[in-house]
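To start, the structure under review is shown below, and the notes come after it.
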Number of protein chains: 2
Amino acid sequence: MTSTADAPRPPGRPRSVRADEAIIEATLDLLAEGSTIEAISVEAIAARAGVGKATIYRRWAGKDALLHDALRTLKGEPPQPSGRSVREDLVALVGAVGQNIDPRAAKIMPCLVPNVKRNAEHYALYQSIVEPRRAVMREVLRRGIRDGELRPDIDVEVTLALITGPLLIQRMLNWNPDLDETTLPARVVDQVLAGIQAR
Amino acid sequence: MTSTADAPRPPGRPRSVRADEAIIEATLDLLAEGSTIEAISVEAIAARAGVGKATIYRRWAGKDALLHDALRTLKGEPPQPSGRSVREDLVALVGAVGQNIDPRAAKIMPCLVPNVKRNAEHYALYQSIVEPRRAVMREVLRRGIRDGELRPDIDVEVTLALITGPLLIQRMLNWNPDLDETTLPARVVDQVLAGIQAR
């Protein structure tokens, strides 16, 4: 005679985690197969995931919230700063710029990118993914100023664009075929730290 | 009695210039209406321009050469460095990054950009437009090193990416909505010149 509390849990992950994953996977599959952000529907995602629409609405406020979570899984989590030095943290963070951990990103991102400036829904989605990553870098720069590693008069927002821009244009466009993506993060950070003006 | 040499020229531009312009305009119109780089044909361009195919092939070696010239007219000529100072020249050159002088660019460029990394023909076309602009900036940096305005050990190729990247991601994606595009070129150049490291 076993009470409910003592009953062994069924093997594998709990059902709700499996459903969440199936819903995210279905969303990414549909996007990778060519569904646009506008056209994709909660109905289609539910059908593909083998769940009811109610299961989706129990977990996400709506399509935008689900798309946000789905696109975020393409990129993975941003690296956590170790705090040892500004240079080390920036090189790690810059190395993750424009990187995706999911191969479906190669199909999904090029369709999202050209619409980012033309469509408010795409733009909000894009910013909801980009801004938290900028925030991590911003905090590293502010810590560097507090700790005296960086000059107190630096233009923090421009510095974020300086360290991000080269990696983004290189990974998105192969902007300069003579630049090597693997060494670029350290070269960018070193040049931004040192400046180029003669002293 | 008038000799041929004395005959007044017909008013307006010579016929060949008008034909060149009509062909370029027809190419840009077709691209702006949704023709892809792959699908657009010399036949369709000739028909739209009201010229024969032979007229096009007399002026351009083929479709790629014509597309190159057509896309180049979207951007206009890069600013010519004044030579007064590295800062002044870089601010002017960086100000032109991601800028187009023709309104059809807003329809054409977003379709070209996502294909640049996936399609060798698009990529060659893209580089044929971008590399001459990089070359002008590169020469300004090299002049700055020769004249002692810049440190001799700077990483020239990375510096090109540093000054170009922020404007490109901002104009292409409005990457950080808190950055103002009009003041960004000077802020970028000043920060790259000075560096951010405490001295």
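Here's how to read the names in the structure tokens: chain A, B, ... by the order shown, residue numbers from 1 in each chain, ligand numbers from 1 in the order shown.
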Pick out the chain B residues within 7 Å of chain A. Count only C-alpha atoms. Give them as a ChimeraX atom specification. /B:110,114,116-117,148-151,154,158,161-162,165-166,169,173-174,187-188,192-198
Close residues, segment 48-51 of chain B itself excluded, 6 Å, only C-alpha atoms, min 4 positions apart in chain, as a list of chain:residue names: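 After dropping sequence-adjacent residues, the list is B:Ala22, B:Ile23, B:Ala26.
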Which residue gives the smallest distance to Lys107 of chain B among B:Glu25, B:Arg146, B:Thr182, B:Ala32, with only C-alpha atoms counted?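 For Lys107 of chain B, the nearest of the candidates is B:Ala32.
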As a ChimeraX atom specification, please: all residues of segment 111-192 of chain A that backbone DSSP puts in helix (DSSP H, G or I). /A:111-115,120-146,156-173,184-192
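Distance annotation: of A:Glu139, A:Asp180, A:Asp29, A:Glu121, the residue with the minimal separation from Asp64 of chain A is A:Glu121; atom set is only C-alpha atoms.
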What's the separation between atom CA of Ile24 of chain A and atom CA of Ala70 of chain A, in Å to one decimal place?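 Those two atoms sit 5.3 Å apart.
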Need the shell around Ala54 of chain B: protein/DNA/RNA residues with any atom at most 12 Å away, counting only C-alpha atoms. Skip same-chain ones fewer than 6 positions apart. Format as a ChimeraX atom specification? /B:19,23,42-43,45-47,60-62
Written selection (N, CA, C and O atoms) as a PDB file, in the first residue's frame:
ATOM      1  N   ALA B  19      20.511  56.698 -73.217  1.00  0.00           N
ATOM      2  CA  ALA B  19      20.271  55.251 -73.233  1.00  0.00           C
ATOM      3  C   ALA B  19      20.876  54.593 -71.989  1.00  0.00           C
ATOM      4  O   ALA B  19      20.230  53.771 -71.335  1.00  0.00           O
ATOM      5  N   ILE B  23      18.740  52.552 -69.171  1.00  0.00           N
ATOM      6  CA  ILE B  23      19.025  51.140 -68.852  1.00  0.00           C
ATOM      7  C   ILE B  23      19.234  50.974 -67.344  1.00  0.00           C
ATOM      8  O   ILE B  23      18.693  50.052 -66.723  1.00  0.00           O
ATOM      9  N   VAL B  42      18.574  40.437 -68.934  1.00  0.00           N
ATOM     10  CA  VAL B  42      18.930  41.526 -69.844  1.00  0.00           C
ATOM     11  C   VAL B  42      17.755  41.805 -70.790  1.00  0.00           C
ATOM     12  O   VAL B  42      17.471  42.964 -71.110  1.00  0.00           O
ATOM     13  N   GLU B  43      17.036  40.768 -71.184  1.00  0.00           N
ATOM     14  CA  GLU B  43      15.848  40.943 -72.046  1.00  0.00           C
ATOM     15  C   GLU B  43      14.834  41.867 -71.369  1.00  0.00           C
ATOM     16  O   GLU B  43      14.326  42.810 -71.975  1.00  0.00           O
ATOM     17  N   ILE B  45      15.250  43.960 -68.928  1.00  0.00           N
ATOM     18  CA  ILE B  45      15.782  45.321 -68.743  1.00  0.00           C
ATOM     19  C   ILE B  45      15.699  46.085 -70.065  1.00  0.00           C
ATOM     20  O   ILE B  45      15.272  47.245 -70.105  1.00  0.00           O
ATOM     21  N   ALA B  46      16.084  45.416 -71.162  1.00  0.00           N
ATOM     22  CA  ALA B  46      16.041  46.070 -72.474  1.00  0.00           C
ATOM     23  C   ALA B  46      14.609  46.488 -72.814  1.00  0.00           C
ATOM     24  O   ALA B  46      14.364  47.627 -73.246  1.00  0.00           O
ATOM     25  N   ALA B  47      13.669  45.590 -72.568  1.00  0.00           N
ATOM     26  CA  ALA B  47      12.266  45.897 -72.873  1.00  0.00           C
ATOM     27  C   ALA B  47      11.794  47.098 -72.056  1.00  0.00           C
ATOM     28  O   ALA B  47      11.168  48.026 -72.581  1.00  0.00           O
ATOM     29  N   TRP B  60      27.839  47.096 -71.530  1.00  0.00           N
ATOM     30  CA  TRP B  60      28.206  46.277 -70.359  1.00  0.00           C
ATOM     31  C   TRP B  60      28.553  44.863 -70.804  1.00  0.00           C
ATOM     32  O   TRP B  60      27.903  44.309 -71.710  1.00  0.00           O
ATOM     33  N   ALA B  61      29.530  44.266 -70.149  1.00  0.00           N
ATOM     34  CA  ALA B  61      29.971  42.920 -70.530  1.00  0.00           C
ATOM     35  C   ALA B  61      28.869  41.897 -70.295  1.00  0.00           C
ATOM     36  O   ALA B  61      28.804  40.869 -70.961  1.00  0.00           O
ATOM     37  N   GLY B  62      27.982  42.176 -69.343  1.00  0.00           N
ATOM     38  CA  GLY B  62      26.903  41.226 -69.055  1.00  0.00           C
ATOM     39  C   GLY B  62      26.068  41.742 -67.920  1.00  0.00           C
ATOM     40  O   GLY B  62      26.235  42.872 -67.447  1.00  0.00           O
TER      41      GLY B  62
END
